[in-house]
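Take a look at the structure below.
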Amino acid sequence: MSGSSFGVIMDIADLLSSGGIVLRGGVSSKRQALHTVAEAASVALGLNEDRALEALLEREALGSTGLGSGVAVPHARIKGLDRVCAVFVRLETPVAYESVDDRPVDLLFALFAPLNAGAEHLRALAAVSRAMRSPELREHLRQARTVDAIRALFVKDVPATAA
């Protein structure tokens with residue numbers, strides 16, 4: 001990876017507020033994990049929790065958003081949003097998620113976009129997917145003890161990738 005990942009991480013930080021980061025204990029299913037994401041979006045972004053969950057489930061019905069390595073990037077378009085925004089949920093215990101590598105998921109970086117946010121939505125998805133492919137970032141996200149520590153990981157360059 002080149003130093004260009006710095007800009008990617010900065011873009012992600014712009015999408016994610018501290019209020020949109022949730023460290024959660026146990027959930028026992030993919031649906032409960034997505035419910036946790038919808039709940040976080042309701043609190044942090046002011047979205048209707050039921051509508052957010054429904055939109056996430058509709059997107060999952062098209063194919064799993066589990067990228068592998070314990071990471072999922074659920075995403076949905078929501079009426080009434082004026083920009084792409086995000087929430088991050090770290091689960092204490094990974095859950096089965098129908099990921100491409102069949103590994104359970106514990107890191108969920110969810111994106112919510114306006115209905116008409118075509119290119120912006122795709123750029124955000126690409127940036128998050130690229131960042132979450134970093135083994136170093138995933139490990140740091142799993143080890144971080146606080147919401148602020150997790151937020152800080154998205155505000156600076158991913159360690160050991162630029163050189």
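Identifiers in the structure tokens: chain A, B, ... in order shown; residue index from 1 per chain; ligand index from 1 in order shown.
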Please list as an mmCIF file with C-alpha atoms, in the first residue's frame every residue within 9 Å of A:Ser28, counting only C-alpha atoms and excluding residues in the same chain fewer than 4 positions away.
```
data_model
loop_
_atom_site.group_PDB
_atom_site.id
_atom_site.type_symbol
_atom_site.label_atom_id
_atom_site.label_comp_id
_atom_site.auth_asym_id
_atom_site.auth_seq_id
_atom_site.Cartn_x
_atom_site.Cartn_y
_atom_site.Cartn_z
ATOM 1 C CA GLN A 32 -29.056 -9.232 15.866
ATOM 2 C CA ALA A 33 -25.746 -7.772 14.668
ATOM 3 C CA THR A 93 -18.053 -12.431 20.112
ATOM 4 C CA PRO A 94 -18.040 -12.931 16.328
ATOM 5 C CA VAL A 95 -21.269 -14.135 14.673
ATOM 6 C CA ALA A 96 -21.919 -16.241 11.576
#
```
Contact residues around A:Ala72 with only C-alpha atoms at 7 Å, ignoring same-chain residues under 5 positions, as a list of chain:residue names: A:Thr65, A:Gly66, A:Leu67, A:Val105, A:Leu107, A:Leu108, A:Phe109
List every residue of stretch 70-106 of chain A that has an atom at most 8 Å from any atom of stretch 43-64 of chain A, giving for each one its closest atom pair and the distance in Å to one decimal, counting only C-alpha atoms, sorted by chain and then by ascending residue number, as a tab-separated table.
```
residue	atom	partner	partner_atom	distance
A:Pro74	CA	A:Leu56	CA	6.5
A:His75	CA	A:Leu56	CA	6.1
A:Ala76	CA	A:Leu56	CA	5.5
A:Arg77	CA	A:Ala55	CA	7.1
A:Ile78	CA	A:Ala52	CA	7.2
A:Cys85	CA	A:Leu45	CA	7.8
A:Val87	CA	A:Ala44	CA	7.7
A:Tyr97	CA	A:Ser64	CA	7.3
A:Glu98	CA	A:Ser64	CA	6.1
A:Ser99	CA	A:Ser64	CA	6.3
A:Val100	CA	A:Ser64	CA	7.9
```
Can you tell me, as a list of chain:residue names, what residues are no more than 9 Å from A:Val147 when counting only C-alpha atoms, ignoring any on the same chain fewer than 3 positions away? A:Ser18, A:Gly19, A:Ile21, A:Val22, A:Leu23, A:Ala144, A:Ile150, A:Arg151, A:Ala152
Enter the distance from atom CA of A:Leu122 to atom CA of A:Asp102, in Å, rounded to one decimal. 24.4 Å
So that I can check the surroundings of stretch 114-118 of chain A, please list as a ChimeraX atom specification every protein, DNA and RNA residue that reaches within 8 Å of it, counting only C-alpha atoms and ignoring chain neighbours fewer than 3 positions away. /A:77-84,121-122
Two-atom distance - atom CA of A:Ala113, atom CA of A:Thr36 (Å): 18.0 Å
What parts of stretch 17-144 of chain A does DSSP call strand (DSSP E or B)? I'd like the answer as a PyMOL selection string. chain A and resi 17-24+66-68+71-72+75-77+85-95+105-113
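Of the residues listed (A:Val71, A:Ala13, A:Ala131, A:Ala41), A:Val71 shows the shortest atom-to-atom separation from A:Pro104; distances use only C-alpha atoms.
Remark: for A:Pro135, the closest of the candidate residues A:Ala38, A:Ile12, A:Asp148, A:Ser69 is A:Ser69 (distances computed over only C-alpha atoms).
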Nearest to A:Ala149, restricted to only C-alpha atoms and choosing among A:Ala86, A:Leu91, A:Leu137, A:Ala119, comes out as A:Leu137
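With distances taken over only C-alpha atoms, A:Leu16 is the one residue among A:Leu16, A:Phe154, A:Arg31, A:Gly70 lying closest to A:Ala110.
The space separating atom CA of A:Gly26 from atom CA of A:Gly68 comes to 19.7 Å.
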